[in-house]
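Have a look at the structure below, then the notes.
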Amino acid sequence: MDTNSTITFSLKSTKDEEMKKTLIAIYEAFVEKGYDNPINQIVGYILSEDPTYITKHNNARNLVRKLDRDELLAALVRNYLKS
């Protein structure tokens with residue numbers, strides 16, 4: 001092992017992964033509740049920051065409140081441009 005190398009830690013990628021897991025949990029809560037278009041509901045929340053767009057099922061509304069909308073938008077754009 002090279003002890004002169006520096007190991008980098010990316011808080012951004014860790015935070016992105018947490019946001020992704022949260023969005024998946026929210027999406028799955030909509031699917032379980034039978035919503036026709038969960039993506040539209042999530043977009044409505046992102047645009048308005050009104051938590052009533054998000055279902056209370058499986059604690060999804062409380063989960064979405066933990067997300068910083070600006071960070072979420074930045075992560076979405078960053079990941080969209082990567083693909």
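Residues in the structure tokens are numbered from 1 in each chain, the chains being A, B, ... in the order shown, and ligands are numbered from 1 in the order shown.
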Practice item. DSSP on the backbone, then: every residue of chain A marked alpha helix (DSSP H), written as a PyMOL selection string. Key: chain A and resi 11-33+38-48+60-65+69-82
How would the residues just chosen look if you wrote them out with C-alpha atoms as a compact mmCIF listing (two decimals), in the first residue's frame?
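This went into part-v6.txt:
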# COMPACT_ATOMS: atom_id res chain seq x y z
CA LEU A 11 -19.37 14.18 0.28
CA LYS A 12 -21.25 15.17 -2.88
CA SER A 13 -21.52 11.60 -4.15
CA THR A 14 -22.57 10.38 -0.69
CA LYS A 15 -25.23 13.07 -0.49
CA ASP A 16 -26.35 12.30 -4.05
CA GLU A 17 -26.73 8.63 -3.13
CA GLU A 18 -28.82 9.53 -0.06
CA MET A 19 -31.06 11.77 -2.18
CA LYS A 20 -31.44 8.99 -4.75
CA LYS A 21 -32.48 6.49 -2.07
CA THR A 22 -34.98 9.00 -0.69
CA LEU A 23 -36.47 9.69 -4.13
CA ILE A 24 -36.78 5.97 -4.80
CA ALA A 25 -38.56 5.47 -1.47
CA ILE A 26 -40.95 8.33 -2.29
CA TYR A 27 -41.59 6.98 -5.78
CA GLU A 28 -42.28 3.50 -4.41
CA ALA A 29 -44.73 4.93 -1.88
CA PHE A 30 -46.71 6.46 -4.75
CA VAL A 31 -46.65 3.18 -6.68
CA GLU A 32 -47.88 1.26 -3.62
CA LYS A 33 -50.73 3.75 -3.22
CA PRO A 38 -45.68 9.46 -9.45
CA ILE A 39 -43.13 11.42 -11.49
CA ASN A 40 -45.63 14.26 -11.99
CA GLN A 41 -46.25 14.38 -8.24
CA ILE A 42 -42.53 14.59 -7.50
CA VAL A 43 -42.03 17.28 -10.16
CA GLY A 44 -44.95 19.23 -8.67
CA TYR A 45 -43.19 19.14 -5.32
CA ILE A 46 -39.83 20.17 -6.79
CA LEU A 47 -41.38 23.11 -8.63
CA SER A 48 -43.52 24.35 -5.76
CA ALA A 60 -42.84 9.79 2.12
CA ARG A 61 -43.90 13.34 2.97
CA ASN A 62 -41.55 13.47 5.94
CA LEU A 63 -38.77 12.00 3.82
CA VAL A 64 -39.12 14.68 1.15
CA ARG A 65 -38.88 17.43 3.76
CA ARG A 69 -34.57 21.35 -3.05
CA ASP A 70 -31.59 23.27 -4.50
CA GLU A 71 -29.24 20.36 -3.82
CA LEU A 72 -31.78 17.96 -5.30
CA LEU A 73 -32.11 19.99 -8.49
CA ALA A 74 -28.33 20.28 -8.81
CA ALA A 75 -27.94 16.51 -8.37
CA LEU A 76 -30.68 15.79 -10.91
CA VAL A 77 -29.08 18.05 -13.53
CA ARG A 78 -25.59 16.72 -12.78
CA ASN A 79 -26.75 13.11 -13.15
CA TYR A 80 -28.83 13.84 -16.22
CA LEU A 81 -25.82 15.39 -17.94
CA LYS A 82 -23.61 12.43 -17.01
Exercise for review: Could you jot down the atom CA of Tyr35 of chain A to atom CA of Glu49 of chain A separation for me, Å, one decimal place?
Suggested key: 19.4 Å
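Here atom CA of Thr52 of chain A is placed at a distance of 14.4 Å from atom CA of Lys66 of chain A.
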